[in-house]
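For reference, protein25.txt is printed below; it contains compact mmCIF, C-alpha atoms and all ligand atoms.
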```txt
# COMPACT_ATOMS: atom_id res chain seq x y z
CA MET O 1 -2.33 -40.46 56.24
CA LYS O 2 -4.26 -43.01 54.27
CA GLU O 3 -6.22 -41.93 51.23
CA ILE O 4 -9.97 -41.42 51.65
CA ARG O 5 -12.43 -41.48 48.78
CA VAL O 6 -16.08 -40.57 48.92
CA SER O 7 -18.17 -42.22 46.20
CA LYS O 8 -21.59 -41.08 45.11
CA PHE O 9 -23.67 -43.36 42.89
CA GLY O 10 -26.50 -41.99 40.78
CA GLY O 11 -29.95 -43.51 40.31
CA SER O 12 -29.17 -45.58 37.22
CA SER O 13 -26.10 -47.00 38.98
CA LEU O 14 -28.41 -48.45 41.65
CA ALA O 15 -31.55 -49.15 39.66
CA ASP O 16 -31.66 -52.92 40.28
CA ALA O 17 -29.83 -55.88 41.83
CA GLY O 18 -27.47 -56.20 38.87
CA GLN O 19 -26.39 -52.60 39.30
CA PHE O 20 -25.98 -53.09 43.06
CA ALA O 21 -23.53 -55.89 42.30
CA LYS O 22 -21.46 -53.59 40.07
CA VAL O 23 -21.41 -50.92 42.76
CA ARG O 24 -20.23 -53.38 45.38
CA GLU O 25 -17.43 -54.60 43.17
CA ILE O 26 -16.28 -51.04 42.57
CA LEU O 27 -16.39 -50.14 46.25
CA LEU O 28 -14.63 -53.25 47.47
CA SER O 29 -11.91 -53.03 44.83
CA ASN O 30 -10.26 -50.13 46.65
CA PRO O 31 -10.27 -49.92 50.47
CA SER O 32 -9.86 -46.14 50.36
CA ARG O 33 -13.50 -45.91 49.19
CA ARG O 34 -14.89 -45.48 52.67
CA TYR O 35 -18.07 -43.47 52.38
CA VAL O 36 -20.75 -44.06 49.81
CA ILE O 37 -23.69 -41.82 48.93
CA PRO O 38 -26.51 -43.58 47.08
CA SER O 39 -29.29 -41.97 45.06
CA ALA O 40 -32.73 -43.55 44.88
CA PRO O 41 -33.22 -46.29 42.26
CA GLY O 42 -33.51 -44.67 38.85
CA LYS O 43 -34.71 -45.94 35.51
CA ARG O 44 -33.76 -49.48 34.45
CA THR O 45 -34.81 -48.86 30.86
CA ALA O 46 -35.69 -45.72 28.91
CA ASN O 47 -39.41 -46.06 29.67
CA ASP O 48 -39.03 -47.01 33.32
CA GLU O 49 -40.05 -44.83 36.27
CA LYS O 50 -37.76 -43.18 38.78
CA ILE O 51 -38.54 -44.00 42.39
CA THR O 52 -38.21 -40.31 43.39
CA ASP O 53 -40.86 -39.28 40.84
CA MET O 54 -43.18 -42.00 42.14
CA LEU O 55 -42.68 -40.84 45.73
CA TYR O 56 -43.52 -37.25 44.83
CA GLU O 57 -46.66 -38.58 43.19
CA CYS O 58 -47.57 -40.57 46.33
CA HIS O 59 -47.30 -37.39 48.32
CA ARG O 60 -49.46 -35.51 45.86
CA LEU O 61 -52.15 -38.19 45.97
CA ALA O 62 -52.03 -38.34 49.77
CA GLN O 63 -52.47 -34.57 49.98
CA ALA O 64 -55.44 -34.77 47.63
CA GLY O 65 -56.97 -37.39 49.92
CA GLU O 66 -56.64 -40.07 47.25
CA ASP O 67 -55.53 -43.66 47.68
CA PHE O 68 -51.89 -44.16 46.76
CA SER O 69 -51.62 -47.84 47.72
CA ALA O 70 -51.18 -49.20 44.21
CA LEU O 71 -48.38 -46.76 43.42
CA PHE O 72 -46.74 -47.36 46.77
CA GLU O 73 -46.80 -51.11 46.15
CA ARG O 74 -44.95 -50.60 42.86
CA ILE O 75 -42.27 -48.70 44.76
CA ALA O 76 -42.12 -51.38 47.45
CA ASP O 77 -41.77 -54.07 44.79
CA ARG O 78 -38.67 -52.42 43.34
CA TYR O 79 -36.96 -52.61 46.75
CA ARG O 80 -38.30 -56.12 47.44
CA SER O 81 -36.87 -57.35 44.17
CA ILE O 82 -33.41 -55.93 44.96
CA ALA O 83 -33.47 -57.36 48.50
CA ASP O 84 -34.69 -60.80 47.30
CA SER O 85 -32.20 -61.09 44.47
CA LEU O 86 -29.32 -60.22 46.77
CA SER O 87 -30.73 -62.24 49.72
CA LEU O 88 -30.59 -59.25 52.04
CA ASP O 89 -31.88 -59.52 55.55
CA VAL O 90 -33.65 -56.18 55.98
CA PRO O 91 -37.05 -55.64 57.71
CA LEU O 92 -38.47 -54.07 54.56
CA GLU O 93 -42.19 -54.54 55.34
CA GLU O 94 -41.82 -52.74 58.65
CA LEU O 95 -39.92 -49.90 56.94
CA PHE O 96 -42.62 -49.62 54.27
CA ARG O 97 -45.31 -49.25 56.96
CA THR O 98 -43.38 -46.42 58.63
CA VAL O 99 -42.70 -44.66 55.33
CA ARG O 100 -46.33 -44.95 54.22
CA ALA O 101 -47.57 -43.50 57.48
CA GLY O 102 -44.99 -40.70 57.25
CA ILE O 103 -46.13 -39.77 53.73
CA GLU O 104 -49.73 -39.66 54.92
CA LYS O 105 -49.01 -37.20 57.65
CA SER O 106 -46.46 -34.82 56.10
CA GLU O 107 -47.59 -31.65 54.45
CA ARG O 108 -44.38 -30.94 52.56
CA PRO O 109 -43.20 -33.41 49.88
CA ASP O 110 -39.66 -33.62 51.28
CA TYR O 111 -40.19 -36.60 53.56
CA ALA O 112 -41.79 -38.68 50.81
CA ALA O 113 -39.13 -37.72 48.24
CA SER O 114 -36.24 -38.48 50.57
CA ARG O 115 -37.35 -42.04 51.30
CA GLY O 116 -36.06 -43.23 47.95
CA GLU O 117 -32.48 -42.57 49.05
CA TYR O 118 -33.16 -43.63 52.64
CA LEU O 119 -34.45 -47.10 51.72
CA ASN O 120 -31.77 -47.57 49.07
CA GLY O 121 -29.13 -46.64 51.64
CA ILE O 122 -30.43 -49.25 54.06
CA LEU O 123 -30.31 -51.94 51.37
CA LEU O 124 -26.85 -50.93 50.26
CA SER O 125 -25.46 -50.90 53.79
CA ALA O 126 -26.83 -54.42 54.37
CA TYR O 127 -25.33 -55.60 51.09
CA LEU O 128 -21.90 -54.12 51.81
CA GLY O 129 -21.91 -54.87 55.51
CA TRP O 130 -21.14 -51.19 56.16
CA ASP O 131 -22.70 -48.91 58.79
CA PHE O 132 -25.69 -46.76 57.92
CA ILE O 133 -25.61 -43.05 58.79
CA ASP O 134 -28.94 -41.25 58.46
CA ALA O 135 -28.28 -38.05 56.53
CA ALA O 136 -30.86 -36.34 58.76
CA ASP O 137 -28.31 -36.52 61.61
CA GLY O 138 -25.44 -34.96 59.70
CA ILE O 139 -26.75 -32.69 56.95
CA LEU O 140 -28.40 -29.73 58.63
CA PHE O 141 -30.51 -26.94 57.14
CA ASP O 142 -31.46 -23.68 58.80
CA ALA O 143 -35.04 -22.56 59.39
CA ASP O 144 -35.16 -21.06 55.88
CA GLY O 145 -34.18 -24.37 54.31
CA LYS O 146 -30.65 -23.24 53.46
CA LEU O 147 -27.79 -25.57 54.20
CA ASP O 148 -26.13 -24.65 57.50
CA GLN O 149 -22.57 -25.21 56.36
CA ASN O 150 -20.80 -24.89 59.66
CA ALA O 151 -23.24 -26.97 61.67
CA THR O 152 -23.19 -29.60 58.94
CA GLN O 153 -19.43 -29.70 58.74
CA ASP O 154 -19.17 -30.20 62.53
CA ALA O 155 -21.96 -32.74 62.89
CA LEU O 156 -21.04 -34.75 59.83
CA SER O 157 -17.29 -34.84 60.53
CA ALA O 158 -17.99 -36.08 64.06
CA LEU O 159 -20.35 -38.78 62.74
CA LEU O 160 -17.97 -39.94 60.04
CA ARG O 161 -15.16 -40.27 62.54
CA GLU O 162 -17.22 -42.89 64.36
CA HIS O 163 -17.56 -45.08 61.29
CA GLU O 164 -14.71 -46.38 59.24
CA TYR O 165 -16.96 -47.49 56.38
CA ALA O 166 -20.46 -46.10 55.98
CA VAL O 167 -23.40 -45.45 53.69
CA VAL O 168 -24.93 -41.96 53.85
CA PRO O 169 -28.07 -41.60 51.71
CA GLY O 170 -28.08 -38.60 49.37
CA PHE O 171 -30.57 -35.81 48.66
CA TYR O 172 -31.76 -34.92 52.17
CA GLY O 173 -30.96 -33.67 55.62
CA SER O 174 -33.00 -32.16 58.41
CA MET O 175 -34.41 -28.82 59.53
CA PRO O 176 -33.86 -27.40 63.03
CA ASP O 177 -37.25 -28.87 64.08
CA GLY O 178 -36.09 -32.33 63.01
CA THR O 179 -38.27 -32.63 59.91
CA VAL O 180 -36.71 -33.91 56.71
CA HIS O 181 -35.65 -31.41 54.07
CA THR O 182 -34.36 -32.20 50.56
CA PHE O 183 -32.09 -30.37 48.17
CA SER O 184 -33.43 -29.54 44.71
CA ARG O 185 -33.73 -32.37 42.20
CA GLY O 186 -30.50 -34.18 41.46
CA GLY O 187 -29.28 -33.14 44.91
CA SER O 188 -27.48 -36.34 45.84
CA ASP O 189 -24.51 -34.83 44.02
CA ILE O 190 -24.53 -32.08 46.64
CA SER O 191 -24.78 -34.56 49.53
CA GLY O 192 -21.77 -36.41 48.14
CA ALA O 193 -19.73 -33.22 47.90
CA ILE O 194 -20.66 -32.28 51.46
CA VAL O 195 -19.67 -35.69 52.77
CA ALA O 196 -16.38 -35.48 50.84
CA ARG O 197 -15.61 -32.18 52.50
CA ALA O 198 -16.57 -33.39 55.97
CA ALA O 199 -14.49 -36.55 55.52
CA HIS O 200 -11.47 -34.49 54.36
CA ALA O 201 -11.47 -36.77 51.37
CA ASP O 202 -8.66 -36.87 48.84
CA LEU O 203 -11.10 -37.54 46.02
CA TYR O 204 -14.83 -37.21 45.42
CA GLU O 205 -15.99 -39.85 42.96
CA ASN O 206 -19.26 -39.24 41.19
CA TRP O 207 -20.37 -42.48 39.55
CA THR O 208 -22.94 -42.22 36.82
CA ASP O 209 -23.78 -43.91 33.51
CA VAL O 210 -21.53 -41.99 31.12
CA ASN O 211 -17.76 -41.97 30.61
CA GLY O 212 -17.44 -38.51 32.13
CA CYS O 213 -18.04 -35.10 30.60
CA LEU O 214 -17.94 -34.92 26.83
CA MET O 215 -16.27 -32.24 24.73
CA ALA O 216 -19.59 -31.37 23.10
CA ASP O 217 -23.25 -32.27 23.34
CA PRO O 218 -23.67 -35.79 21.88
CA ARG O 219 -27.07 -34.78 20.50
CA ILE O 220 -25.24 -32.34 18.22
CA VAL O 221 -21.81 -33.86 17.63
CA ARG O 222 -21.59 -37.57 16.89
CA ASP O 223 -19.47 -39.47 19.39
CA PRO O 224 -17.72 -36.53 21.04
CA LYS O 225 -14.53 -37.30 22.92
CA PRO O 226 -14.62 -37.41 26.70
CA ILE O 227 -12.84 -34.66 28.61
CA ARG O 228 -10.04 -36.18 30.66
CA HIS O 229 -9.17 -33.15 32.76
CA VAL O 230 -11.06 -29.98 33.44
CA THR O 231 -10.63 -27.27 36.04
CA TYR O 232 -13.49 -26.16 38.28
CA ARG O 233 -13.44 -22.79 36.52
CA GLU O 234 -13.70 -24.30 33.08
CA LEU O 235 -16.50 -26.55 34.25
CA ARG O 236 -18.35 -23.55 35.56
CA GLU O 237 -18.10 -21.90 32.12
CA LEU O 238 -19.27 -25.05 30.38
CA SER O 239 -22.19 -25.72 32.68
CA TYR O 240 -23.27 -22.09 32.64
CA MET O 241 -23.56 -22.52 28.89
CA GLY O 242 -25.73 -25.57 29.20
CA ALA O 243 -23.48 -28.58 29.60
CA SER O 244 -25.14 -30.61 32.33
CA VAL O 245 -22.73 -32.60 34.39
CA LEU O 246 -23.05 -32.19 38.09
CA HIS O 247 -25.64 -30.34 40.11
CA GLU O 248 -24.34 -26.73 40.18
CA GLU O 249 -24.31 -26.59 43.96
CA ALA O 250 -22.25 -29.76 44.17
CA ILE O 251 -19.19 -27.92 42.95
CA PHE O 252 -18.97 -25.47 45.81
CA PRO O 253 -18.13 -27.67 48.83
CA VAL O 254 -15.42 -29.69 47.08
CA ARG O 255 -13.98 -26.75 45.20
CA MET O 256 -13.65 -24.78 48.44
CA ALA O 257 -12.00 -27.69 50.17
CA GLY O 258 -9.62 -28.25 47.24
CA ILE O 259 -10.90 -31.78 46.66
CA PRO O 260 -10.84 -33.03 43.07
CA THR O 261 -13.94 -34.67 41.62
CA ASN O 262 -13.80 -37.67 39.34
CA ILE O 263 -16.81 -38.44 37.16
CA ARG O 264 -16.86 -42.18 36.45
CA ASN O 265 -19.05 -44.72 34.71
CA THR O 266 -20.46 -47.54 36.87
CA ASN O 267 -21.03 -49.57 33.71
CA ALA O 268 -17.46 -49.09 32.46
CA PRO O 269 -15.27 -48.78 35.57
CA GLU O 270 -12.14 -49.35 33.50
CA GLU O 271 -12.65 -45.89 31.93
CA PRO O 272 -10.76 -43.11 33.75
CA GLY O 273 -13.67 -40.67 33.41
CA THR O 274 -13.27 -36.93 33.85
CA LEU O 275 -11.11 -35.43 36.56
CA ILE O 276 -12.15 -31.99 37.76
CA SER O 277 -9.55 -30.21 39.82
CA HIS O 278 -8.39 -26.85 40.96
CA ASP O 279 -5.29 -26.10 39.06
CA ALA O 280 -4.46 -26.85 35.52
CA GLU O 281 -0.69 -26.82 35.83
CA ASP O 282 -0.25 -30.49 36.33
CA MET O 283 -2.98 -31.50 33.93
CA ASP O 284 -2.69 -31.76 30.23
CA ASN O 285 -5.26 -32.32 27.58
CA ASP O 286 -4.83 -33.61 24.09
CA TYR O 287 -6.50 -30.55 22.63
CA VAL O 288 -6.15 -26.78 22.85
CA ILE O 289 -9.78 -26.56 23.89
CA THR O 290 -11.45 -28.40 26.73
CA GLY O 291 -15.03 -28.32 25.53
CA ILE O 292 -17.78 -26.55 23.63
CA ALA O 293 -21.17 -25.68 25.07
CA GLY O 294 -23.93 -23.33 24.15
CA SER O 295 -27.57 -22.50 24.25
CA LYS O 296 -30.21 -20.74 22.25
CA ASP O 297 -32.66 -17.90 22.73
CA PHE O 298 -30.60 -14.93 23.76
CA ALA O 299 -31.30 -11.34 22.72
CA ILE O 300 -28.80 -8.60 22.11
CA VAL O 301 -29.57 -4.97 22.85
CA THR O 302 -27.26 -2.73 20.81
CA VAL O 303 -26.91 0.90 21.83
CA GLU O 304 -25.04 3.13 19.40
CA LYS O 305 -23.79 6.62 19.94
CA ALA O 306 -20.96 8.44 18.21
CA MET O 307 -18.15 9.36 20.61
CA MET O 308 -19.70 7.20 23.33
CA ASN O 309 -16.21 6.21 24.42
CA ALA O 310 -15.55 9.75 25.64
CA GLU O 311 -18.82 10.14 27.50
CA LEU O 312 -18.37 9.60 31.20
CA GLY O 313 -21.06 7.43 32.78
CA PHE O 314 -22.55 6.18 29.51
CA GLY O 315 -22.20 2.50 30.40
CA ARG O 316 -23.57 3.06 33.86
CA ARG O 317 -26.68 4.73 32.46
CA VAL O 318 -27.34 1.91 29.99
CA LEU O 319 -27.02 -0.61 32.78
CA GLN O 320 -29.23 1.54 35.01
CA ALA O 321 -32.00 1.20 32.43
CA VAL O 322 -31.43 -2.55 32.38
CA GLU O 323 -31.49 -2.77 36.16
CA GLU O 324 -34.53 -0.55 36.62
CA ASN O 325 -36.46 -2.94 34.38
CA GLY O 326 -35.48 -5.88 36.55
CA ILE O 327 -33.46 -7.48 33.75
CA SER O 328 -30.40 -9.51 34.54
CA PHE O 329 -27.80 -9.51 31.78
CA GLU O 330 -25.35 -12.21 30.76
CA HIS O 331 -22.63 -10.55 28.69
CA LEU O 332 -21.52 -7.07 27.85
CA PRO O 333 -19.50 -6.84 24.66
CA THR O 334 -18.61 -3.23 23.82
CA GLY O 335 -17.04 -1.41 20.91
CA ILE O 336 -15.90 2.19 20.47
CA ASP O 337 -19.28 3.64 19.64
CA THR O 338 -21.49 0.68 20.55
CA MET O 339 -22.39 -1.08 23.69
CA CYS O 340 -24.25 -4.39 23.64
CA VAL O 341 -26.16 -6.01 26.44
CA VAL O 342 -26.82 -9.69 25.97
CA CYS O 343 -29.61 -11.28 27.98
CA HIS O 344 -31.93 -14.26 27.87
CA GLU O 345 -34.93 -13.59 25.66
CA ARG O 346 -37.23 -14.57 28.47
CA ALA O 347 -35.67 -11.87 30.69
CA LEU O 348 -36.88 -9.26 28.19
CA GLU O 349 -40.41 -10.58 27.88
CA GLY O 350 -42.94 -7.77 28.15
CA LYS O 351 -40.16 -5.25 28.87
CA ARG O 352 -38.68 -4.48 25.46
CA ASP O 353 -40.44 -1.18 24.79
CA LYS O 354 -39.95 0.09 28.30
CA LEU O 355 -36.26 -0.76 28.17
CA VAL O 356 -35.66 0.96 24.83
CA HIS O 357 -37.58 4.00 26.00
CA ARG O 358 -35.59 4.25 29.21
CA ILE O 359 -32.25 3.89 27.40
CA TYR O 360 -33.26 6.78 25.12
CA GLU O 361 -34.20 8.88 28.14
CA LEU O 362 -31.01 8.22 30.00
CA THR O 363 -28.38 8.21 27.27
CA ASP O 364 -29.69 10.08 24.23
CA PRO O 365 -28.20 7.50 21.84
CA ASP O 366 -28.13 7.49 18.03
CA SER O 367 -29.96 4.18 17.96
CA VAL O 368 -31.11 1.29 20.12
CA GLU O 369 -31.91 -2.05 18.54
CA ILE O 370 -32.86 -5.41 19.92
CA HIS O 371 -32.11 -8.59 17.95
CA SER O 372 -33.57 -11.85 19.17
CA GLY O 373 -33.00 -15.44 18.20
CA LEU O 374 -29.34 -15.46 19.12
CA ALA O 375 -27.53 -18.61 20.18
CA LEU O 376 -24.35 -18.33 22.22
CA ILE O 377 -21.55 -20.83 21.94
CA ALA O 378 -18.67 -20.91 24.37
CA THR O 379 -15.45 -22.56 23.34
CA VAL O 380 -13.69 -23.15 26.62
CA GLY O 381 -10.11 -24.09 27.34
CA ARG O 382 -7.41 -23.14 29.78
CA GLY O 383 -4.90 -23.88 27.03
CA MET O 384 -6.28 -21.22 24.72
CA VAL O 385 -4.34 -18.32 26.19
CA ARG O 386 -1.04 -20.02 25.59
CA SER O 387 -1.65 -21.27 22.11
CA LYS O 388 -1.42 -19.05 19.08
CA GLY O 389 -4.07 -18.88 16.43
CA THR O 390 -6.98 -20.11 18.50
CA SER O 391 -9.38 -17.38 17.44
CA ALA O 392 -8.21 -17.62 13.84
CA ARG O 393 -8.99 -21.33 13.86
CA LEU O 394 -12.38 -20.71 15.41
CA PHE O 395 -13.51 -17.95 13.06
CA ASN O 396 -12.07 -19.72 10.06
CA ALA O 397 -14.14 -22.77 10.90
CA LEU O 398 -17.30 -20.72 11.18
CA GLN O 399 -16.58 -18.92 7.95
CA ARG O 400 -15.96 -22.17 6.08
CA ALA O 401 -19.30 -23.43 7.36
CA GLY O 402 -20.95 -20.29 6.01
CA ILE O 403 -22.00 -19.08 9.42
CA ASN O 404 -22.46 -15.43 10.15
CA VAL O 405 -21.04 -14.41 13.52
CA ARG O 406 -23.23 -11.79 15.12
CA MET O 407 -21.36 -11.26 18.35
CA ILE O 408 -17.94 -12.02 19.80
CA ASP O 409 -16.95 -11.92 23.43
CA GLN O 410 -13.55 -13.12 24.45
CA GLY O 411 -14.16 -13.60 28.14
CA SER O 412 -11.87 -11.60 30.38
CA SER O 413 -11.05 -14.83 32.16
CA GLU O 414 -9.20 -15.81 28.95
CA LEU O 415 -10.74 -19.19 29.40
CA ASN O 416 -13.24 -18.91 26.63
CA ILE O 417 -14.34 -17.28 23.43
CA ILE O 418 -18.05 -16.76 23.11
CA VAL O 419 -19.67 -16.26 19.74
CA GLY O 420 -23.27 -15.36 19.01
CA VAL O 421 -24.91 -16.86 15.93
CA ASP O 422 -28.48 -17.20 14.69
CA ASN O 423 -30.49 -19.85 16.53
CA LEU O 424 -30.81 -21.62 13.18
CA ASP O 425 -27.04 -21.87 12.79
CA PHE O 426 -26.43 -23.16 16.30
CA GLU O 427 -25.93 -26.87 15.66
CA ASN O 428 -23.85 -26.33 12.54
CA ALA O 429 -21.64 -23.86 14.35
CA VAL O 430 -20.98 -26.27 17.22
CA ARG O 431 -20.11 -29.01 14.74
CA ALA O 432 -17.82 -26.68 12.79
CA ILE O 433 -15.91 -25.68 15.93
CA TYR O 434 -15.62 -29.28 17.07
CA ARG O 435 -14.35 -30.34 13.67
CA ALA O 436 -11.70 -27.60 13.63
CA PHE O 437 -10.37 -28.22 17.12
CA VAL O 438 -10.76 -31.97 17.43
CA THR O 439 -11.29 -33.87 14.19
CA GLU O 440 -8.95 -31.81 12.01
CA PHE O 441 -6.47 -31.41 14.82
CA ASP O 442 -6.27 -35.21 15.15
CA ARG O 443 -5.79 -35.52 11.43
CA GLU O 444 -2.97 -32.94 11.39
CA ARG O 445 -1.19 -34.73 14.19
CA ALA O 446 -1.47 -38.18 12.63
N1 LIG U 1 -33.32 -38.91 43.70
C1 LIG U 1 -33.26 -37.48 43.61
C2 LIG U 1 -33.78 -37.01 42.28
O1 LIG U 1 -34.25 -37.80 41.49
C3 LIG U 1 -31.89 -36.95 43.90
C4 LIG U 1 -30.79 -37.50 43.04
O2 LIG U 1 -30.95 -38.53 42.41
O3 LIG U 1 -29.72 -36.88 43.01
O4 LIG U 1 -33.78 -35.83 42.02
```

Structure rendered as structure tokens:
Amino acid sequence: MKEIRVSKFGGSSLADAGQFAKVREILLSNPSRRYVIPSAPGKRTANDEKITDMLYECHRLAQAGEDFSALFERIADRYRSIADSLSLDVPLEELFRTVRAGIEKSERPDYAASRGEYLNGILLSAYLGWDFIDAADGILFDADGKLDQNATQDALSALLREHEYAVVPGFYGSMPDGTVHTFSRGGSDISGAIVARAAHADLYENWTDVNGCLMADPRIVRDPKPIRHVTYRELRELSYMGASVLHEEAIFPVRMAGIPTNIRNTNAPEEPGTLISHDAEDMDNDYVITGIAGSKDFAIVTVEKAMMNAELGFGRRVLQAVEENGISFEHLPTGIDTMCVVCHERALEGKRDKLVHRIYELTDPDSVEIHSGLALIATVGRGMVRSKGTSARLFNALQRAGINVRMIDQGSSELNIIVGVDNLDFENAVRAIYRAFVTEFDRERA
């Protein structure tokens, strides 16, 4: 069977005619790229506006009974300029009239928001000479607005079979009553993953404006290296800790179907990007770790009681107090006589005293303390289990940087080591870890 690729392009990849030209070149350079999922035009420069934001604003003005003509004209001009520059023969003015009228009469913002992708899809299909499939016919939500996976898989697979090459706009689908419904913001990633699954694709390409995922946050580490290979599990750990790559829900459909995802850069198509796949066996990385991610503002509740290890049901009672207060926890590092519950600070807001009180009632501990201002840093890597001295290297690096480690949690998945440090030490700690595992590692190898 011939290879099939599904390619999703983000908003900056399709922000103007010049970007459209790059996208076409990419698509036509490999005939296995058969289905393309466009986002709405994004920002052309840092201060530019995103079409989707403007459409939400049109809807808001329309609902408030205000005139949104001027704003709508600015949106229309963006599409006109793409169509004119590329000499596309598309009945844009007629489409604008329909969209405008639709925005005026819909109560929910979904219709308005979705038109960014819809119109971009029509332009792209004209430019490529490919068929246009309206996502409303293939991506189906239930009455509660949740994706109906089975119905979608059936409808979309059948539709795709009818078109060898097609454009399917991202971000939206339809409700059982036929009205348009959108995913949450950034949802074209999800549409692309769903199309990849329905097309039984060999590869889901997610084209954006960066060279893939980076080993650390570039706002903290200067020029971090790109990650060449990452497993879906590692990616989950990294994005849970704050690395933003793909929309979280975009992982599920392709991961389930065993389809690898390749993050690529529309502005540097010669770069291989990041390949996300199921198993790590056939993938190797240059480094022991895959990436570092973290975030601030966690709190740690420490419950101490001598001989706690021998007390049946102690842990359950601590967690009962947590649950009764409606607090969801993130990590649970325990020692012999201590048990720690790590949660987001905001989860504890207004509940601290009640929680401490309830823990005392239920467990009769020696002490209960809550420390705030904790930052968690996850060092993630499937290679860590196999390589000796990983934790030594990590803690050594932190010690050399003069950073006090307040919590350690070596995830049971053996994919990561999580350390808790003061919020104030966060950036320095990330840099120290990066230096130890990447910069110094490179130097040692040279
Ligand atoms: N255009 C939508 C947004 O801005 C969806 C997307 O780009 O993925 O959120």

Can you pull out the residues contacting Glu271 in chain O? Cut-off 9 Å, using all atoms listed in the file, and skip same-chain residues under 4 positions away; I want them as a VMD selection string.
chain O and resid 211 to 212 264 to 265

Compare O:Asn150, O:Asn416, O:Gln399, O:Gln63 by their minimum atom-to-atom distance to Val385 in chain O, counting all atoms listed in the file, and give me the closest one.
O:Asn416

Could I get the residue neighbourhood of ligand LIG 1 (chain U) at 8 Å, counting all atoms listed in the file, as a VMD selection string?
chain O and resid 10 to 11 39 to 42 50 to 53 113 to 114 116 to 117 170 to 171 183 to 190

Pairwise distance for CA of Gly173 in chain O and CA of Gly138 in chain O, rounded to one decimal in Å
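According to the coordinates, CA of Gly173 in chain O and CA of Gly138 in chain O are separated by 7.0 Å.
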
One residue among O:Asp16, O:Ala199, O:Tyr118, O:Leu27 is nearest to Asp77 in chain O when using only C-alpha atoms, and that residue is O:Asp16

Among the residues O:Pro218, O:Gly420, O:Pro253, O:Gly335, the one that comes closest to Asn404 in chain O [using all atoms listed in the file]
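So, comparing all the options, the nearest one is O:Gly420.
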